[in-house]
There are 2 protein chains.
Amino acid sequence: MTINYKKELEAAARSMILVHEPDVLIKMIARMIVQRVKVKHAGILLHQKEADTYILTVSRGALGLKIPKGFARMDADNPLIRFFRERKDKQLFSDGAITYAEAKRFLKKSIKAEVKKLLKGALYQMEIFGAVVCVPSYFRDELLGILLLGDKRNGKKFGRDELDFFIALASDVAMAIRNARLFKQLQDELDKKQQLFINTTVALAAAIDAKDHYTRGHTERVTNLVMEIGKRLMKENPHLNDKFLEDLHIAALLHDIGKIGIPEAILNKANPLNNEEWQKMRTHPLVGATILQPIKELEEIIMGVKYHHERFDGKGYPEGLSGEHIPLIAAIIAVADSFDAMTTSRPYRPAKPKESAVAEIKSLSGQQFHPRVVPIFLQLYQEGKI
Amino acid sequence: MTINYKKELEAAARSMILVHEPDVLIKMIARMIVQRVKVKHAGILLHQKEADTYILTVSRGALGLKIPKGFARMDADNPLIRFFRERKDKQLFSDGAITYAEAKRFLKKSIKAEVKKLLKGALYQMEIFGAVVCVPSYFRDELLGILLLGDKRNGKKFGRDELDFFIALASDVAMAIRNARLFKQLQDELDKKQQLFINTTVALAAAIDAKDHYTRGHTERVTNLVMEIGKRLMKENPHLNDKFLEDLHIAALLHDIGKIGIPEAILNKANPLNNEEWQKMRTHPLVGATILQPIKELEEIIMGVKYHHERFDGKGYPEGLSGEHIPLIAAIIAVADSFDAMTTSRPYRPAKPKESAVAEIKSLSGQQFHPRVVPIFLQLYQEGKI
């Protein structure tokens, strides 16, 4: 008998290693087996190391759905699991995989009572799943999983050569799934670490923000607005990647970090600042950049902090940069920062109504503000998002 | 002819997927091929995507070392690379792998001048490497690598069945290496992210530290001492894991973060604080914990910040915890924090000599300080590490 699906499945198994989404991988494999091997259904019992249980992760049938769909969990003391874990009878396991028919025949032989009991339990479990073949797969001594196959659609029996092939395939599949899980785990850790980094920055930025009694909540509001502008800009400029948005986020959170170097007496002064006090206040972008300077990964972010008080016409500070020399991140923060300052009251002046602030920003496009950022800001305002 | 090494190599290739150190993996594979296939040497040319070059990552021989050891780099325009990338002559590539002898014969046929030129260049490259067989491996349309084999040690030629087997093997190998690289990349990203998190925390903590004129550099000194104590404790207590040390590090960096809530007038007062000012000053552990409270991943770290002014005898603040109720991280910070305060001068009192400060900490073990931490501190002092 020829196994005509062999080459195809082998090639598929080979490329599985680069699929790093466990769920996608498992579904792909089960579908492939059902289609190519032409069985009624197929399922994969996978080891969950943490809880030492086996989960029926997928079960798919073209004609019938005998294996219960959804979530089935088996503890380590389930007879089917114990049967493949303990491998007590050498003769029974000489072939790796077992078929229901084979195992039934085996029950009639004179085997140890203990093995007989376990085998009976395993067979009962196979019946529940409607499985006629079980193919275990191991990594070193760990039972990684069991491939369960239903009857062939053409009613024929599985041959020895087919079973051998499944043993190799099950091993590939289990290995690929294990690999994908490790990958997923690492990816999750990375996401968590990024979130931790952002959350800690948020908390510290908010604490520094709180020193300035008149601008409390400023950093949070500016960051929200900056992110709205950034996301919209990304939609229209596909060359801006995820790193741009991440950097923008951190830069917005840290833009006023340099205020930690400004005396409280200046930050909290109830009257307008005098000239000398203004000079001091205007050092905050540079102080912020200096604080972050040792961290070379923050290069883009530092540019955002350092230049968020530059003006498009070159009349800003600290360096008087103009036009496209001002980093985009800084130009975005400048708009959001000014808008929030205008719409927040000070002891010596009231807050501007939102409409006037928007009109002022519009009128200063190309002078104070970057003409690529202002239209986006206006769009968001017109859509009621500001 | 039987390929007696086939099963063994197949099984090895299968388990390769779980080796996530590319260097280890490549060495393992080359050694395996040299041993089992009994060739004089074997090498693997691997694609480096970023630079679009191919690097001879390993070359190992049991009898000879014809392929130059160490670092050999091939650009995308090297004839051997172009030959396998362009696959211009269908007939020549019908078999996947090529042998030196086969290719030589092909040169005599009437093939396009362009193909002939390329083939000649490729053959010359094979001669340099002493390779008699080249097995390319692809993922989709990308040439991932080329397996190079030297002569068999018994002097016999490679058969077609062997070549077919190598084609499958090379594909497995290339895939496994690609996978390992992706894994390594993710792992490196994770390490970088952790470092970024720590560096940013260091920078912000130092900035907050700088507000307090009399304790500048305090956080850095305390953190260094805390880490020395932590590492020594870990050696003696194997149940303390890497996470403990990471948490300890961040907690030390952030232990005085709450000082951001203390008015500068109190922090920088040249005279001893009065009662009311002390009350305010003593809120800093709680303020620090409140700042970090929203970040649930920082749970252990927050405990360190909140309780670093508790005393073993229960007479500390903010909660008057005693003995083992004080988290270990907080107990470690308490010792380092006190030692640094004692050995730093204030406008209203001089710094204590190191010896007196150590003696005081020793005498207060079990009263102010945790009796598990003090002996470690004394050990480090005796070794000249403090």
# chains A, B, ... in the order shown; residues from 1 in each chain; ligands from 1
call {"tool": "select_by_dssp", "arguments": {"residues": "region 223-367 of chain A", "states": "alpha helix (DSSP H)", "output": "ChimeraX atom specification"}}
result
/A:223-236,242-254,264-267,275-281,284-292,299-306,328-342,354-363
call {"tool": "residues_around", "arguments": {"residues": "region 205-209 of chain B", "least_positions_apart": "3", "cutoff": "8 Å", "atoms": "only C-alpha atoms", "output": "list in words"}}
result
Ile260, Gly261 and Ile291 of chain A; Thr201, Val202, Asp212, Thr215, Arg216, Gly217, His218, Thr219, Glu220, Leu253, Leu254, Asp256, Ile257, Lys259 and Ile260 of chain B
call {"tool": "write_last_selection", "arguments": {"atoms": "C-alpha atoms", "output": "tab-separated table (two decimals), in the first residue's frame"}}
result
chain	number	residue	atom	x	y	z
A	260	ILE	CA	12.26	68.12	38.90
A	261	GLY	CA	15.24	70.50	38.66
A	291	ILE	CA	18.67	63.20	33.23
B	201	THR	CA	14.57	53.79	36.89
B	202	VAL	CA	18.17	54.60	37.83
B	212	ASP	CA	17.76	66.47	48.53
B	215	THR	CA	21.92	63.11	50.51
B	216	ARG	CA	23.00	63.37	46.88
B	217	GLY	CA	24.32	60.03	45.61
B	218	HIS	CA	22.56	58.29	48.51
B	219	THR	CA	20.36	56.11	46.29
B	220	GLU	CA	23.29	54.89	44.23
B	253	LEU	CA	16.56	52.29	43.43
B	254	LEU	CA	13.05	53.42	44.36
B	256	ASP	CA	13.22	57.03	48.63
B	257	ILE	CA	10.96	57.84	45.68
B	259	LYS	CA	10.70	62.04	49.01
B	260	ILE	CA	9.27	63.67	45.92
call {"tool": "interface_residues", "arguments": {"of": "chain B", "to": "chain A", "cutoff": "8 Å", "atoms": "only C-alpha atoms", "output": "PyMOL selection string"}}
result
chain B and resi 14-15+17-18+139+171-172+175-176+179+183+186-187+189-190+193-194+196-197+199-200+203-204+207-208+211+260-261+263-264+291-292+294-295+297
call {"tool": "write_last_selection", "arguments": {"atoms": "C-alpha atoms", "output": "mmCIF file, in the first residue's frame"}}
result
data_model
loop_
_atom_site.group_PDB
_atom_site.id
_atom_site.type_symbol
_atom_site.label_atom_id
_atom_site.label_comp_id
_atom_site.auth_asym_id
_atom_site.auth_seq_id
_atom_site.Cartn_x
_atom_site.Cartn_y
_atom_site.Cartn_z
ATOM 1 C CA ARG B 14 13.777 16.139 15.082
ATOM 2 C CA SER B 15 14.979 17.137 18.520
ATOM 3 C CA ILE B 17 13.949 22.229 17.217
ATOM 4 C CA LEU B 18 14.197 22.500 20.966
ATOM 5 C CA PHE B 139 12.316 28.416 3.263
ATOM 6 C CA SER B 171 16.051 21.600 5.253
ATOM 7 C CA ASP B 172 15.497 20.456 8.839
ATOM 8 C CA MET B 175 14.768 25.503 9.759
ATOM 9 C CA ALA B 176 16.011 24.637 13.221
ATOM 10 C CA ASN B 179 14.075 29.016 14.692
ATOM 11 C CA PHE B 183 14.434 32.618 19.717
ATOM 12 C CA LEU B 186 13.531 37.493 21.251
ATOM 13 C CA GLN B 187 15.633 36.588 24.285
ATOM 14 C CA GLU B 189 15.152 41.859 23.142
ATOM 15 C CA LEU B 190 13.864 40.766 26.522
ATOM 16 C CA LYS B 193 14.050 45.725 27.686
ATOM 17 C CA GLN B 194 14.905 44.727 31.260
ATOM 18 C CA LEU B 196 16.148 49.762 29.684
ATOM 19 C CA PHE B 197 13.668 49.471 32.543
ATOM 20 C CA ASN B 199 18.423 52.251 33.440
ATOM 21 C CA THR B 200 15.384 54.490 33.259
ATOM 22 C CA ALA B 203 17.999 57.927 35.948
ATOM 23 C CA LEU B 204 14.681 58.987 37.457
ATOM 24 C CA ALA B 207 17.005 62.919 39.553
ATOM 25 C CA ILE B 208 14.699 62.691 42.556
ATOM 26 C CA LYS B 211 16.413 67.296 45.096
ATOM 27 C CA ILE B 260 9.268 63.667 45.925
ATOM 28 C CA GLY B 261 6.242 64.382 48.113
ATOM 29 C CA PRO B 263 8.668 69.945 50.482
ATOM 30 C CA GLU B 264 12.141 71.129 49.493
ATOM 31 C CA ILE B 291 3.099 56.257 43.826
ATOM 32 C CA LEU B 292 3.894 52.682 42.772
ATOM 33 C CA PRO B 294 -1.106 51.073 40.526
ATOM 34 C CA ILE B 295 1.590 48.772 39.098
ATOM 35 C CA GLU B 297 3.848 43.672 38.889
#
call {"tool": "closest_residue", "arguments": {"among": "A:Lys156, A:Lys112, A:Lys184, A:Lys104", "to": "Lys40 (chain A)", "atoms": "only C-alpha atoms"}}
result
A:Lys156
call {"tool": "decode", "arguments": {"residues": "region 247-280 of chain B", "atoms": "N, CA and C atoms", "output": "JSON list (two decimals), in the first residue's frame"}}
result
[["chain", "number", "residue", "atom", "x", "y", "z"],
["B", 247, "ASP", "N", 14.04, 42.23, 41.92],
["B", 247, "ASP", "CA", 13.12, 43.03, 42.74],
["B", 247, "ASP", "C", 13.90, 43.88, 43.75],
["B", 248, "LEU", "N", 14.90, 43.26, 44.35],
["B", 248, "LEU", "CA", 15.72, 43.96, 45.33],
["B", 248, "LEU", "C", 16.38, 45.18, 44.70],
["B", 249, "HIS", "N", 16.85, 44.99, 43.47],
["B", 249, "HIS", "CA", 17.52, 46.06, 42.74],
["B", 249, "HIS", "C", 16.58, 47.26, 42.53],
["B", 250, "ILE", "N", 15.41, 46.96, 41.99],
["B", 250, "ILE", "CA", 14.45, 48.04, 41.70],
["B", 250, "ILE", "C", 13.98, 48.69, 43.00],
["B", 251, "ALA", "N", 13.73, 47.87, 44.01],
["B", 251, "ALA", "CA", 13.26, 48.41, 45.30],
["B", 251, "ALA", "C", 14.30, 49.35, 45.90],
["B", 252, "ALA", "N", 15.59, 48.98, 45.79],
["B", 252, "ALA", "CA", 16.65, 49.83, 46.33],
["B", 252, "ALA", "C", 16.68, 51.16, 45.57],
["B", 253, "LEU", "N", 16.54, 51.07, 44.25],
["B", 253, "LEU", "CA", 16.56, 52.29, 43.43],
["B", 253, "LEU", "C", 15.40, 53.21, 43.79],
["B", 254, "LEU", "N", 14.26, 52.62, 44.14],
["B", 254, "LEU", "CA", 13.05, 53.42, 44.36],
["B", 254, "LEU", "C", 12.75, 53.66, 45.83],
["B", 255, "HIS", "N", 13.63, 53.23, 46.75],
["B", 255, "HIS", "CA", 13.21, 53.23, 48.16],
["B", 255, "HIS", "C", 12.86, 54.63, 48.68],
["B", 256, "ASP", "N", 13.51, 55.67, 48.16],
["B", 256, "ASP", "CA", 13.22, 57.03, 48.63],
["B", 256, "ASP", "C", 12.38, 57.84, 47.65],
["B", 257, "ILE", "N", 11.75, 57.16, 46.71],
["B", 257, "ILE", "CA", 10.96, 57.84, 45.68],
["B", 257, "ILE", "C", 9.90, 58.75, 46.32],
["B", 258, "GLY", "N", 9.43, 58.36, 47.50],
["B", 258, "GLY", "CA", 8.39, 59.13, 48.19],
["B", 258, "GLY", "C", 8.87, 60.51, 48.63],
["B", 259, "LYS", "N", 10.18, 60.73, 48.61],
["B", 259, "LYS", "CA", 10.70, 62.04, 49.01],
["B", 259, "LYS", "C", 10.25, 63.12, 48.04],
["B", 260, "ILE", "N", 9.79, 62.70, 46.87],
["B", 260, "ILE", "CA", 9.27, 63.67, 45.92],
["B", 260, "ILE", "C", 8.05, 64.39, 46.51],
["B", 261, "GLY", "N", 7.41, 63.77, 47.48],
["B", 261, "GLY", "CA", 6.24, 64.38, 48.11],
["B", 261, "GLY", "C", 6.60, 65.26, 49.31],
["B", 262, "ILE", "N", 7.87, 65.33, 49.65],
["B", 262, "ILE", "CA", 8.30, 66.14, 50.82],
["B", 262, "ILE", "C", 8.76, 67.51, 50.33],
["B", 263, "PRO", "N", 8.26, 68.60, 50.93],
["B", 263, "PRO", "CA", 8.67, 69.95, 50.48],
["B", 263, "PRO", "C", 10.19, 70.13, 50.54],
["B", 264, "GLU", "N", 10.70, 70.86, 49.55],
["B", 264, "GLU", "CA", 12.14, 71.13, 49.49],
["B", 264, "GLU", "C", 12.64, 71.79, 50.77],
["B", 265, "ALA", "N", 11.79, 72.64, 51.37],
["B", 265, "ALA", "CA", 12.18, 73.37, 52.59],
["B", 265, "ALA", "C", 12.54, 72.38, 53.70],
["B", 266, "ILE", "N", 11.85, 71.25, 53.75],
["B", 266, "ILE", "CA", 12.16, 70.24, 54.77],
["B", 266, "ILE", "C", 13.39, 69.44, 54.35],
["B", 267, "LEU", "N", 13.40, 69.00, 53.09],
["B", 267, "LEU", "CA", 14.53, 68.18, 52.61],
["B", 267, "LEU", "C", 15.86, 68.90, 52.78],
["B", 268, "ASN", "N", 15.85, 70.22, 52.51],
["B", 268, "ASN", "CA", 17.11, 70.95, 52.46],
["B", 268, "ASN", "C", 17.36, 71.81, 53.69],
["B", 269, "LYS", "N", 16.63, 71.57, 54.76],
["B", 269, "LYS", "CA", 16.79, 72.39, 55.97],
["B", 269, "LYS", "C", 18.18, 72.17, 56.57],
["B", 270, "ALA", "N", 18.83, 73.29, 56.92],
["B", 270, "ALA", "CA", 20.20, 73.19, 57.43],
["B", 270, "ALA", "C", 20.24, 72.79, 58.91],
["B", 271, "ASN", "N", 19.13, 72.97, 59.61],
["B", 271, "ASN", "CA", 19.08, 72.61, 61.03],
["B", 271, "ASN", "C", 18.29, 71.32, 61.22],
["B", 272, "PRO", "N", 18.43, 70.73, 62.42],
["B", 272, "PRO", "CA", 17.63, 69.53, 62.68],
["B", 272, "PRO", "C", 16.15, 69.82, 62.49],
["B", 273, "LEU", "N", 15.38, 68.83, 62.04],
["B", 273, "LEU", "CA", 13.95, 69.02, 61.81],
["B", 273, "LEU", "C", 13.22, 69.11, 63.14],
["B", 274, "ASN", "N", 12.16, 69.93, 63.17],
["B", 274, "ASN", "CA", 11.30, 69.94, 64.37],
["B", 274, "ASN", "C", 10.31, 68.78, 64.26],
["B", 275, "ASN", "N", 9.50, 68.67, 65.27],
["B", 275, "ASN", "CA", 8.60, 67.52, 65.36],
["B", 275, "ASN", "C", 7.66, 67.40, 64.16],
["B", 276, "GLU", "N", 7.07, 68.53, 63.80],
["B", 276, "GLU", "CA", 6.12, 68.54, 62.69],
["B", 276, "GLU", "C", 6.80, 68.16, 61.37],
["B", 277, "GLU", "N", 8.01, 68.70, 61.21],
["B", 277, "GLU", "CA", 8.76, 68.40, 59.99],
["B", 277, "GLU", "C", 9.14, 66.91, 59.94],
["B", 278, "TRP", "N", 9.48, 66.35, 61.12],
["B", 278, "TRP", "CA", 9.78, 64.92, 61.17],
["B", 278, "TRP", "C", 8.56, 64.09, 60.76],
["B", 279, "GLN", "N", 7.41, 64.50, 61.26],
["B", 279, "GLN", "CA", 6.17, 63.79, 60.90],
["B", 279, "GLN", "C", 6.01, 63.74, 59.39],
["B", 280, "LYS", "N", 6.25, 64.89, 58.77],
["B", 280, "LYS", "CA", 6.11, 64.98, 57.31],
["B", 280, "LYS", "C", 7.15, 64.07, 56.63]]
